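With mmCIF, C-alpha atoms, pLDDT in the B column; chains and numbers go by the auth columns inside, this is model04.cif:
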data_protein
loop_
_atom_site.group_PDB
_atom_site.id
_atom_site.type_symbol
_atom_site.label_atom_id
_atom_site.label_comp_id
_atom_site.label_asym_id
_atom_site.label_seq_id
_atom_site.Cartn_x
_atom_site.Cartn_y
_atom_site.Cartn_z
_atom_site.B_iso_or_equiv
_atom_site.auth_seq_id
_atom_site.auth_asym_id
ATOM 1 C CA MET A 1 0.000 0.000 0.000 69.00 1 A
ATOM 2 C CA ARG A 2 2.924 2.335 0.754 64.00 2 A
ATOM 3 C CA LYS A 3 4.249 2.145 -2.819 69.00 3 A
ATOM 4 C CA LEU A 4 0.776 2.482 -4.316 75.00 4 A
ATOM 5 C CA LEU A 5 -0.064 5.670 -2.422 83.00 5 A
ATOM 6 C CA GLY A 6 3.245 7.311 -1.599 85.00 6 A
ATOM 7 C CA ARG A 7 3.477 10.103 0.959 86.00 7 A
ATOM 8 C CA ARG A 8 1.134 12.476 -0.841 90.00 8 A
ATOM 9 C CA GLY A 9 -1.423 9.736 -1.392 92.00 9 A
ATOM 10 C CA HIS A 10 -1.407 8.763 2.276 93.00 10 A
ATOM 11 C CA PHE A 11 -2.011 12.393 3.213 94.00 11 A
ATOM 12 C CA LEU A 12 -4.885 12.679 0.723 96.00 12 A
ATOM 13 C CA LEU A 13 -6.418 9.403 1.884 96.00 13 A
ATOM 14 C CA ILE A 14 -6.404 10.453 5.545 96.00 14 A
ATOM 15 C CA LEU A 15 -7.705 13.918 4.686 97.00 15 A
ATOM 16 C CA GLY A 16 -10.392 12.577 2.373 98.00 16 A
ATOM 17 C CA ILE A 17 -11.738 10.090 4.883 98.00 17 A
ATOM 18 C CA GLY A 18 -11.762 12.797 7.554 97.00 18 A
ATOM 19 C CA LYS A 19 -13.630 15.302 5.394 98.00 19 A
ATOM 20 C CA THR A 20 -16.172 12.696 4.340 98.00 20 A
ATOM 21 C CA CYS A 21 -16.801 11.712 7.965 98.00 21 A
ATOM 22 C CA TRP A 22 -17.070 15.377 8.980 97.00 22 A
ATOM 23 C CA GLY A 23 -19.733 15.921 6.323 97.00 23 A
ATOM 24 C CA VAL A 24 -21.644 12.801 7.350 98.00 24 A
ATOM 25 C CA SER A 25 -21.631 14.054 10.941 97.00 25 A
ATOM 26 C CA PHE A 26 -23.563 17.143 9.778 96.00 26 A
ATOM 27 C CA LEU A 27 -26.241 14.850 8.359 96.00 27 A
ATOM 28 C CA VAL A 28 -26.427 12.504 11.349 96.00 28 A
ATOM 29 C CA ASP A 29 -26.401 15.144 14.088 95.00 29 A
ATOM 30 C CA PRO A 30 -26.408 18.713 12.703 91.00 30 A
ATOM 31 C CA PRO A 31 -24.320 21.100 14.841 91.00 31 A
ATOM 32 C CA SER A 32 -25.108 24.655 15.845 90.00 32 A
ATOM 33 C CA THR A 33 -24.908 27.068 12.933 91.00 33 A
ATOM 34 C CA ALA A 34 -23.540 29.934 15.024 93.00 34 A
ATOM 35 C CA GLY A 35 -21.263 31.964 12.777 94.00 35 A
ATOM 36 C CA LEU A 36 -22.427 30.243 9.600 93.00 36 A
ATOM 37 C CA GLN A 37 -25.286 32.614 8.767 93.00 37 A
ATOM 38 C CA LEU A 38 -23.677 33.407 5.416 93.00 38 A
ATOM 39 C CA LEU A 39 -24.245 29.777 4.421 92.00 39 A
ATOM 40 C CA THR A 40 -27.680 29.202 5.961 91.00 40 A
ATOM 41 C CA ARG A 41 -29.558 32.498 5.633 88.00 41 A
ATOM 42 C CA TRP A 42 -31.345 31.711 2.381 82.00 42 A
ATOM 43 C CA GLY A 43 -33.772 29.209 3.873 76.00 43 A
ATOM 44 C CA PRO A 44 -34.192 25.441 4.011 79.00 44 A
ATOM 45 C CA ALA A 45 -32.469 24.860 0.683 80.00 45 A
ATOM 46 C CA PHE A 46 -29.274 26.070 2.341 88.00 46 A
ATOM 47 C CA SER A 47 -29.477 24.224 5.643 91.00 47 A
ATOM 48 C CA ILE A 48 -26.341 22.901 7.295 93.00 48 A
ATOM 49 C CA ALA A 49 -27.400 19.410 6.178 91.00 49 A
ATOM 50 C CA HIS A 50 -27.201 20.559 2.569 92.00 50 A
ATOM 51 C CA TRP A 51 -23.788 22.096 3.155 94.00 51 A
ATOM 52 C CA ALA A 52 -22.698 18.724 4.531 96.00 52 A
ATOM 53 C CA TRP A 53 -22.628 17.495 0.952 96.00 53 A
ATOM 54 C CA LEU A 54 -19.844 19.965 0.154 96.00 54 A
ATOM 55 C CA TRP A 55 -17.671 18.243 2.771 97.00 55 A
ATOM 56 C CA ILE A 56 -18.712 14.786 1.590 98.00 56 A
ATOM 57 C CA ALA A 57 -18.084 15.512 -2.104 98.00 57 A
ATOM 58 C CA ALA A 58 -14.729 17.139 -1.357 98.00 58 A
ATOM 59 C CA GLY A 59 -13.818 14.219 0.886 98.00 59 A
ATOM 60 C CA LEU A 60 -14.642 11.650 -1.782 98.00 60 A
ATOM 61 C CA ILE A 61 -12.704 13.550 -4.472 98.00 61 A
ATOM 62 C CA THR A 62 -9.758 13.866 -2.079 97.00 62 A
ATOM 63 C CA THR A 63 -9.929 10.167 -1.186 97.00 63 A
ATOM 64 C CA PHE A 64 -10.033 9.002 -4.810 97.00 64 A
ATOM 65 C CA SER A 65 -7.231 11.420 -5.737 95.00 65 A
ATOM 66 C CA ALA A 66 -4.975 9.605 -3.274 94.00 66 A
ATOM 67 C CA PHE A 67 -4.711 6.783 -5.798 93.00 67 A
ATOM 68 C CA LEU A 68 -3.679 9.015 -8.724 91.00 68 A
ATOM 69 C CA ARG A 69 -0.160 9.777 -9.899 86.00 69 A
ATOM 70 C CA VAL A 70 1.635 12.819 -8.545 84.00 70 A
ATOM 71 C CA GLY A 71 0.490 15.760 -10.649 84.00 71 A
ATOM 72 C CA ARG A 72 -2.911 14.287 -11.293 89.00 72 A
ATOM 73 C CA ASP A 73 -3.573 14.275 -7.552 92.00 73 A
ATOM 74 C CA ARG A 74 -3.798 18.079 -7.521 92.00 74 A
ATOM 75 C CA PHE A 75 -7.597 17.941 -7.810 95.00 75 A
ATOM 76 C CA GLY A 76 -7.634 16.191 -4.449 96.00 76 A
ATOM 77 C CA PHE A 77 -5.681 19.019 -2.854 96.00 77 A
ATOM 78 C CA VAL A 78 -7.945 21.645 -4.429 97.00 78 A
ATOM 79 C CA ALA A 79 -11.087 19.773 -3.377 98.00 79 A
ATOM 80 C CA ALA A 80 -9.719 19.409 0.149 97.00 80 A
ATOM 81 C CA MET A 81 -9.271 23.185 0.464 97.00 81 A
ATOM 82 C CA VAL A 82 -12.752 24.197 -0.673 97.00 82 A
ATOM 83 C CA PRO A 83 -14.893 23.346 2.400 97.00 83 A
ATOM 84 C CA PRO A 84 -12.558 24.850 5.021 97.00 84 A
ATOM 85 C CA ALA A 85 -12.108 27.958 2.856 97.00 85 A
ATOM 86 C CA VAL A 86 -15.895 28.330 2.578 96.00 86 A
ATOM 87 C CA TRP A 87 -16.303 27.865 6.338 96.00 87 A
ATOM 88 C CA ALA A 88 -13.486 30.339 7.087 97.00 88 A
ATOM 89 C CA THR A 89 -15.130 32.903 4.806 96.00 89 A
ATOM 90 C CA ALA A 90 -18.478 32.443 6.537 96.00 90 A
ATOM 91 C CA TYR A 91 -16.887 32.902 9.957 97.00 91 A
ATOM 92 C CA LEU A 92 -14.997 36.022 8.846 97.00 92 A
ATOM 93 C CA VAL A 93 -18.212 37.544 7.470 96.00 93 A
ATOM 94 C CA ALA A 94 -19.911 36.758 10.798 96.00 94 A
ATOM 95 C CA VAL A 95 -17.120 38.590 12.651 97.00 95 A
ATOM 96 C CA ILE A 96 -17.272 41.628 10.371 96.00 96 A
ATOM 97 C CA SER A 97 -21.066 41.806 10.633 95.00 97 A
ATOM 98 C CA GLY A 98 -20.871 41.487 14.425 95.00 98 A
ATOM 99 C CA ASP A 99 -22.892 38.254 14.494 94.00 99 A
ATOM 100 C CA TYR A 100 -20.207 35.957 15.916 96.00 100 A
ATOM 101 C CA SER A 101 -17.081 37.398 17.540 94.00 101 A
ATOM 102 C CA ARG A 102 -15.559 33.953 18.140 95.00 102 A
ATOM 103 C CA GLY A 103 -15.596 33.434 14.371 95.00 103 A
ATOM 104 C CA ALA A 104 -12.255 35.186 13.929 96.00 104 A
ATOM 105 C CA TRP A 105 -10.493 32.444 15.879 97.00 105 A
ATOM 106 C CA VAL A 106 -12.367 29.679 14.091 96.00 106 A
ATOM 107 C CA ALA A 107 -11.584 31.246 10.699 96.00 107 A
ATOM 108 C CA VAL A 108 -7.875 31.472 11.530 97.00 108 A
ATOM 109 C CA TRP A 109 -7.980 27.840 12.675 97.00 109 A
ATOM 110 C CA TYR A 110 -9.537 26.727 9.360 96.00 110 A
ATOM 111 C CA LEU A 111 -7.114 28.859 7.347 96.00 111 A
ATOM 112 C CA THR A 112 -4.003 27.582 9.125 96.00 112 A
ATOM 113 C CA SER A 113 -4.620 24.009 10.211 94.00 113 A
ATOM 114 C CA HIS A 114 -6.677 23.134 7.152 95.00 114 A
ATOM 115 C CA VAL A 115 -6.040 25.365 4.145 96.00 115 A
ATOM 116 C CA GLY A 116 -2.434 26.171 5.064 96.00 116 A
ATOM 117 C CA VAL A 117 -1.469 22.570 5.781 95.00 117 A
ATOM 118 C CA ILE A 118 -3.123 21.386 2.566 96.00 118 A
ATOM 119 C CA MET A 119 -1.289 24.047 0.537 95.00 119 A
ATOM 120 C CA TRP A 120 1.996 23.011 2.142 94.00 120 A
ATOM 121 C CA ALA A 121 1.381 19.291 1.539 92.00 121 A
ATOM 122 C CA ALA A 122 0.480 19.952 -2.093 92.00 122 A
ATOM 123 C CA LYS A 123 3.975 21.395 -2.623 90.00 123 A
ATOM 124 C CA VAL A 124 5.838 18.503 -0.988 82.00 124 A
ATOM 125 C CA PRO A 125 7.460 16.377 -3.683 80.00 125 A
ATOM 126 C CA GLU A 126 6.882 12.646 -3.443 73.00 126 A
ATOM 127 C CA HIS A 127 10.603 11.969 -3.031 67.00 127 A
ATOM 128 C CA SER A 128 11.973 14.945 -1.131 53.00 128 A
ATOM 129 C CA VAL A 129 13.948 13.130 1.536 51.00 129 A
ATOM 130 C CA PRO A 130 17.644 13.834 0.986 51.00 130 A
ATOM 131 C CA LYS A 131 19.901 10.851 0.434 57.00 131 A
ATOM 132 C CA THR A 132 22.194 9.956 3.288 57.00 132 A
ATOM 133 C CA PRO A 133 25.804 10.911 2.582 60.00 133 A
ATOM 134 C CA ARG A 134 28.160 8.043 1.895 58.00 134 A
ATOM 135 C CA ALA A 135 30.964 7.449 4.305 54.00 135 A
ATOM 136 C CA ARG A 136 34.132 9.240 3.273 54.00 136 A
ATOM 137 C CA ARG A 137 37.169 7.178 2.498 56.00 137 A
ATOM 138 C CA ALA A 138 40.041 7.522 4.882 58.00 138 A
ATOM 139 C CA GLU A 139 42.643 9.854 3.486 56.00 139 A
ATOM 140 C CA GLY A 140 45.881 8.304 2.329 55.00 140 A
ATOM 141 C CA GLY A 141 44.402 4.826 2.101 52.00 141 A
#
So, in terms of structure tokens, how does the structure I just supplied come out?
Amino acid sequence: MRKLLGRRGHFLLILGIGKTCWGVSFLVDPPSTAGLQLLTRWGPAFSIAHWAWLWIAAGLITTFSAFLRVGRDRFGFVAAMVPPAVWATAYLVAVISGDYSRGAWVAVWYLTSHVGVIMWAAKVPEHSVPKTPRARRAEGG
């Protein structure tokens, strides 16, 4: 499995499963929508349960991208960034509008520990570990 996925693939697989589960959790037991008014204000068609499908779709794309060659896996990284970027935007709008002051901290959390980490991982080459230096020959021998 290690050779099939590589380091980037393992990261995408873990991330994809996590995002899919996170989305399913919104369907099974919808959380409070405090700070997410930007996403839910347009009525029942935009309930948190409907937004769950964004996480699920992104998670499935990310998961399936884990099995693609490096370069073709970029869609998994892009898909993985979409839901946390949308959530961060919603929380920032809630802070600016005065609806949810805690949203600034949540937005920064999404932007750093989700979007930032995904952007970093997308730039990590599959084989970036430096080779170990060979032992030097003894001089004069």
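Note that CA of Leu12 in chain A and CA of Leu68 in chain A are 10.2 Å apart.
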Would you give me, as a tab-separated table, each residue of range 63-133 of chain A having an atom within 9 Å of an atom of range 4-9 of chain A, along with its shortest atom pair and that distance in Å to one decimal, using all atoms listed in the file and sorting by chain and residue number?
residue	atom	partner	partner_atom	distance
A:Thr63	CA	A:Gly9	CA	8.5
A:Ser65	CA	A:Gly9	CA	7.4
A:Ala66	CA	A:Gly9	CA	4.0
A:Phe67	CA	A:Leu5	CA	5.9
A:Leu68	CA	A:Gly9	CA	7.7
A:Arg69	CA	A:Leu5	CA	8.5
A:Val70	CA	A:Arg8	CA	7.7
A:Asp73	CA	A:Gly9	CA	7.9
A:Ala121	CA	A:Arg8	CA	7.2
A:Ala122	CA	A:Arg8	CA	7.6
A:Val124	CA	A:Arg8	CA	7.6
A:Pro125	CA	A:Arg8	CA	8.0
A:Glu126	CA	A:Arg7	CA	6.1
A:His127	CA	A:Arg7	CA	8.4
Just to be explicit: take each residue in the selection above, keep C-alpha atoms, and write the result as a PDB file, keeping the file's coordinate frame.
ATOM      1  CA  THR A  63      -9.929  10.167  -1.186  1.00 97.00           C
ATOM      2  CA  SER A  65      -7.231  11.420  -5.737  1.00 95.00           C
ATOM      3  CA  ALA A  66      -4.975   9.605  -3.274  1.00 94.00           C
ATOM      4  CA  PHE A  67      -4.711   6.783  -5.798  1.00 93.00           C
ATOM      5  CA  LEU A  68      -3.679   9.015  -8.724  1.00 91.00           C
ATOM      6  CA  ARG A  69      -0.160   9.777  -9.899  1.00 86.00           C
ATOM      7  CA  VAL A  70       1.635  12.819  -8.545  1.00 84.00           C
ATOM      8  CA  ASP A  73      -3.573  14.275  -7.552  1.00 92.00           C
ATOM      9  CA  ALA A 121       1.381  19.291   1.539  1.00 92.00           C
ATOM     10  CA  ALA A 122       0.480  19.952  -2.093  1.00 92.00           C
ATOM     11  CA  VAL A 124       5.838  18.503  -0.988  1.00 82.00           C
ATOM     12  CA  PRO A 125       7.460  16.377  -3.683  1.00 80.00           C
ATOM     13  CA  GLU A 126       6.882  12.646  -3.443  1.00 73.00           C
ATOM     14  CA  HIS A 127      10.603  11.969  -3.031  1.00 67.00           C
TER      15      HIS A 127
END
Expanded to explicit residues, what is the PyMOL selection byres ((chain A and resi 57) around 12) for this file, as an mmCIF file with C-alpha atoms, keeping the file's coordinate frame?
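After the write, result36.cif holds the following:
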data_model
loop_
_atom_site.group_PDB
_atom_site.id
_atom_site.type_symbol
_atom_site.label_atom_id
_atom_site.label_comp_id
_atom_site.auth_asym_id
_atom_site.auth_seq_id
_atom_site.Cartn_x
_atom_site.Cartn_y
_atom_site.Cartn_z
ATOM 1 C CA GLY A 16 -10.392 12.577 2.373
ATOM 2 C CA ILE A 17 -11.738 10.090 4.883
ATOM 3 C CA GLY A 18 -11.762 12.797 7.554
ATOM 4 C CA LYS A 19 -13.630 15.302 5.394
ATOM 5 C CA THR A 20 -16.172 12.696 4.340
ATOM 6 C CA CYS A 21 -16.801 11.712 7.965
ATOM 7 C CA TRP A 22 -17.070 15.377 8.980
ATOM 8 C CA GLY A 23 -19.733 15.921 6.323
ATOM 9 C CA VAL A 24 -21.644 12.801 7.350
ATOM 10 C CA HIS A 50 -27.201 20.559 2.569
ATOM 11 C CA TRP A 51 -23.788 22.096 3.155
ATOM 12 C CA ALA A 52 -22.698 18.724 4.531
ATOM 13 C CA TRP A 53 -22.628 17.495 0.952
ATOM 14 C CA LEU A 54 -19.844 19.965 0.154
ATOM 15 C CA TRP A 55 -17.671 18.243 2.771
ATOM 16 C CA ILE A 56 -18.712 14.786 1.590
ATOM 17 C CA ALA A 58 -14.729 17.139 -1.357
ATOM 18 C CA GLY A 59 -13.818 14.219 0.886
ATOM 19 C CA LEU A 60 -14.642 11.650 -1.782
ATOM 20 C CA ILE A 61 -12.704 13.550 -4.472
ATOM 21 C CA THR A 62 -9.758 13.866 -2.079
ATOM 22 C CA THR A 63 -9.929 10.167 -1.186
ATOM 23 C CA PHE A 64 -10.033 9.002 -4.810
ATOM 24 C CA GLY A 76 -7.634 16.191 -4.449
ATOM 25 C CA ALA A 79 -11.087 19.773 -3.377
ATOM 26 C CA ALA A 80 -9.719 19.409 0.149
ATOM 27 C CA MET A 81 -9.271 23.185 0.464
ATOM 28 C CA VAL A 82 -12.752 24.197 -0.673
ATOM 29 C CA PRO A 83 -14.893 23.346 2.400
#
Between CA of Ala85 in chain A and CA of Val106 in chain A, distance in Å (one decimal): 11.4 Å
Result set, the PyMOL selection byres ((chain A and resi 39) around 10) on current file, as a ChimeraX atom specification: /A:33,35-38,40-43,46-48,50-51,86-87,89-91
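Closest to Val95 in chain A among A:Ala34, A:Ala45, A:Val117, A:Leu15 is A:Ala34, based on all atoms listed in the file.
Considering the residues A:Ala49, A:Ser113, A:Ser97, A:Trp105 and counting all atoms listed in the file, Val28 in chain A has its shortest atom-to-atom contact with A:Ala49.
Of note, CA of Phe11 in chain A and CA of Pro31 in chain A are spaced 26.6 Å apart.
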Some atoms are absent from range 48-84 of chain A, so rebuild N, CA and C atoms and return them as an mmCIF file, in the coordinates of the input.
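Below is the file selection29.cif, written as the result:
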data_model
loop_
_atom_site.group_PDB
_atom_site.id
_atom_site.type_symbol
_atom_site.label_atom_id
_atom_site.label_comp_id
_atom_site.auth_asym_id
_atom_site.auth_seq_id
_atom_site.Cartn_x
_atom_site.Cartn_y
_atom_site.Cartn_z
ATOM 1 N N ILE A 48 -27.671 23.469 7.030
ATOM 2 C CA ILE A 48 -26.341 22.901 7.295
ATOM 3 C C ILE A 48 -26.254 21.478 6.758
ATOM 4 N N ALA A 49 -27.387 20.766 6.737
ATOM 5 C CA ALA A 49 -27.400 19.410 6.178
ATOM 6 C C ALA A 49 -27.076 19.429 4.683
ATOM 7 N N HIS A 50 -27.531 20.451 3.989
ATOM 8 C CA HIS A 50 -27.201 20.559 2.569
ATOM 9 C C HIS A 50 -25.728 20.912 2.367
ATOM 10 N N TRP A 51 -25.207 21.750 3.243
ATOM 11 C CA TRP A 51 -23.788 22.096 3.155
ATOM 12 C C TRP A 51 -22.899 20.912 3.509
ATOM 13 N N ALA A 52 -23.452 19.935 4.204
ATOM 14 C CA ALA A 52 -22.698 18.724 4.531
ATOM 15 C C ALA A 52 -22.201 18.041 3.265
ATOM 16 N N TRP A 53 -23.004 18.145 2.211
ATOM 17 C CA TRP A 53 -22.628 17.495 0.952
ATOM 18 C C TRP A 53 -21.392 18.115 0.315
ATOM 19 N N LEU A 54 -21.096 19.363 0.625
ATOM 20 C CA LEU A 54 -19.844 19.965 0.154
ATOM 21 C C LEU A 54 -18.658 19.230 0.774
ATOM 22 N N TRP A 55 -18.733 18.980 2.086
ATOM 23 C CA TRP A 55 -17.671 18.243 2.771
ATOM 24 C C TRP A 55 -17.571 16.814 2.247
ATOM 25 N N ILE A 56 -18.713 16.172 2.053
ATOM 26 C CA ILE A 56 -18.712 14.786 1.590
ATOM 27 C C ILE A 56 -18.142 14.690 0.179
ATOM 28 N N ALA A 57 -18.592 15.540 -0.726
ATOM 29 C CA ALA A 57 -18.084 15.512 -2.104
ATOM 30 C C ALA A 57 -16.589 15.800 -2.140
ATOM 31 N N ALA A 58 -16.164 16.817 -1.405
ATOM 32 C CA ALA A 58 -14.729 17.139 -1.357
ATOM 33 C C ALA A 58 -13.940 15.985 -0.759
ATOM 34 N N GLY A 59 -14.491 15.358 0.259
ATOM 35 C CA GLY A 59 -13.818 14.219 0.886
ATOM 36 C C GLY A 59 -13.670 13.046 -0.062
ATOM 37 N N LEU A 60 -14.709 12.769 -0.827
ATOM 38 C CA LEU A 60 -14.642 11.650 -1.782
ATOM 39 C C LEU A 60 -13.660 11.946 -2.913
ATOM 40 N N ILE A 61 -13.666 13.174 -3.424
ATOM 41 C CA ILE A 61 -12.704 13.550 -4.472
ATOM 42 C C ILE A 61 -11.284 13.448 -3.926
ATOM 43 N N THR A 62 -11.076 13.923 -2.711
ATOM 44 C CA THR A 62 -9.758 13.866 -2.079
ATOM 45 C C THR A 62 -9.322 12.421 -1.881
ATOM 46 N N THR A 63 -10.239 11.580 -1.408
ATOM 47 C CA THR A 63 -9.929 10.167 -1.186
ATOM 48 C C THR A 63 -9.540 9.481 -2.493
ATOM 49 N N PHE A 64 -10.332 9.651 -3.535
ATOM 50 C CA PHE A 64 -10.033 9.002 -4.810
ATOM 51 C C PHE A 64 -8.767 9.550 -5.445
ATOM 52 N N SER A 65 -8.453 10.824 -5.195
ATOM 53 C CA SER A 65 -7.231 11.420 -5.737
ATOM 54 C C SER A 65 -5.977 10.826 -5.107
ATOM 55 N N ALA A 66 -6.121 10.228 -3.944
ATOM 56 C CA ALA A 66 -4.975 9.605 -3.274
ATOM 57 C C ALA A 66 -4.369 8.501 -4.129
ATOM 58 N N PHE A 67 -5.169 7.906 -4.997
ATOM 59 C CA PHE A 67 -4.711 6.783 -5.798
ATOM 60 C C PHE A 67 -4.219 7.197 -7.188
ATOM 61 N N LEU A 68 -4.159 8.504 -7.436
ATOM 62 C CA LEU A 68 -3.679 9.015 -8.724
ATOM 63 C C LEU A 68 -2.193 9.347 -8.658
ATOM 64 N N ARG A 69 -1.580 9.413 -9.823
ATOM 65 C CA ARG A 69 -0.160 9.777 -9.899
ATOM 66 C C ARG A 69 0.058 11.201 -9.404
ATOM 67 N N VAL A 70 1.263 11.463 -8.940
ATOM 68 C CA VAL A 70 1.635 12.819 -8.545
ATOM 69 C C VAL A 70 1.443 13.723 -9.768
ATOM 70 N N GLY A 71 0.818 14.852 -9.554
ATOM 71 C CA GLY A 71 0.490 15.760 -10.649
ATOM 72 C C GLY A 71 -0.989 15.675 -10.961
ATOM 73 N N ARG A 72 -1.474 14.471 -11.087
ATOM 74 C CA ARG A 72 -2.911 14.287 -11.293
ATOM 75 C C ARG A 72 -3.664 14.342 -9.972
ATOM 76 N N ASP A 73 -2.943 14.239 -8.878
ATOM 77 C CA ASP A 73 -3.573 14.275 -7.552
ATOM 78 C C ASP A 73 -3.923 15.696 -7.112
ATOM 79 N N ARG A 74 -3.572 16.686 -7.915
ATOM 80 C CA ARG A 74 -3.798 18.079 -7.521
ATOM 81 C C ARG A 74 -5.270 18.396 -7.295
ATOM 82 N N PHE A 75 -6.168 17.701 -8.004
ATOM 83 C CA PHE A 75 -7.597 17.941 -7.810
ATOM 84 C C PHE A 75 -8.023 17.556 -6.399
ATOM 85 N N GLY A 76 -7.352 16.577 -5.831
ATOM 86 C CA GLY A 76 -7.634 16.191 -4.449
ATOM 87 C C GLY A 76 -7.242 17.285 -3.475
ATOM 88 N N PHE A 77 -6.111 17.927 -3.717
ATOM 89 C CA PHE A 77 -5.681 19.019 -2.854
ATOM 90 C C PHE A 77 -6.608 20.223 -2.991
ATOM 91 N N VAL A 78 -7.017 20.529 -4.213
ATOM 92 C CA VAL A 78 -7.945 21.645 -4.429
ATOM 93 C C VAL A 78 -9.279 21.344 -3.758
ATOM 94 N N ALA A 79 -9.804 20.152 -3.986
ATOM 95 C CA ALA A 79 -11.087 19.773 -3.377
ATOM 96 C C ALA A 79 -11.006 19.821 -1.855
ATOM 97 N N ALA A 80 -9.881 19.416 -1.307
ATOM 98 C CA ALA A 80 -9.719 19.409 0.149
ATOM 99 C C ALA A 80 -9.748 20.818 0.732
ATOM 100 N N MET A 81 -9.308 21.808 -0.045
ATOM 101 C CA MET A 81 -9.271 23.185 0.464
ATOM 102 C C MET A 81 -10.616 23.898 0.403
ATOM 103 N N VAL A 82 -11.506 23.459 -0.456
ATOM 104 C CA VAL A 82 -12.752 24.197 -0.673
ATOM 105 C C VAL A 82 -13.619 24.299 0.588
ATOM 106 N N PRO A 83 -14.007 23.196 1.235
ATOM 107 C CA PRO A 83 -14.893 23.346 2.400
ATOM 108 C C PRO A 83 -14.316 24.201 3.533
ATOM 109 N N PRO A 84 -13.054 23.992 3.941
ATOM 110 C CA PRO A 84 -12.558 24.850 5.021
ATOM 111 C C PRO A 84 -12.437 26.315 4.600
#
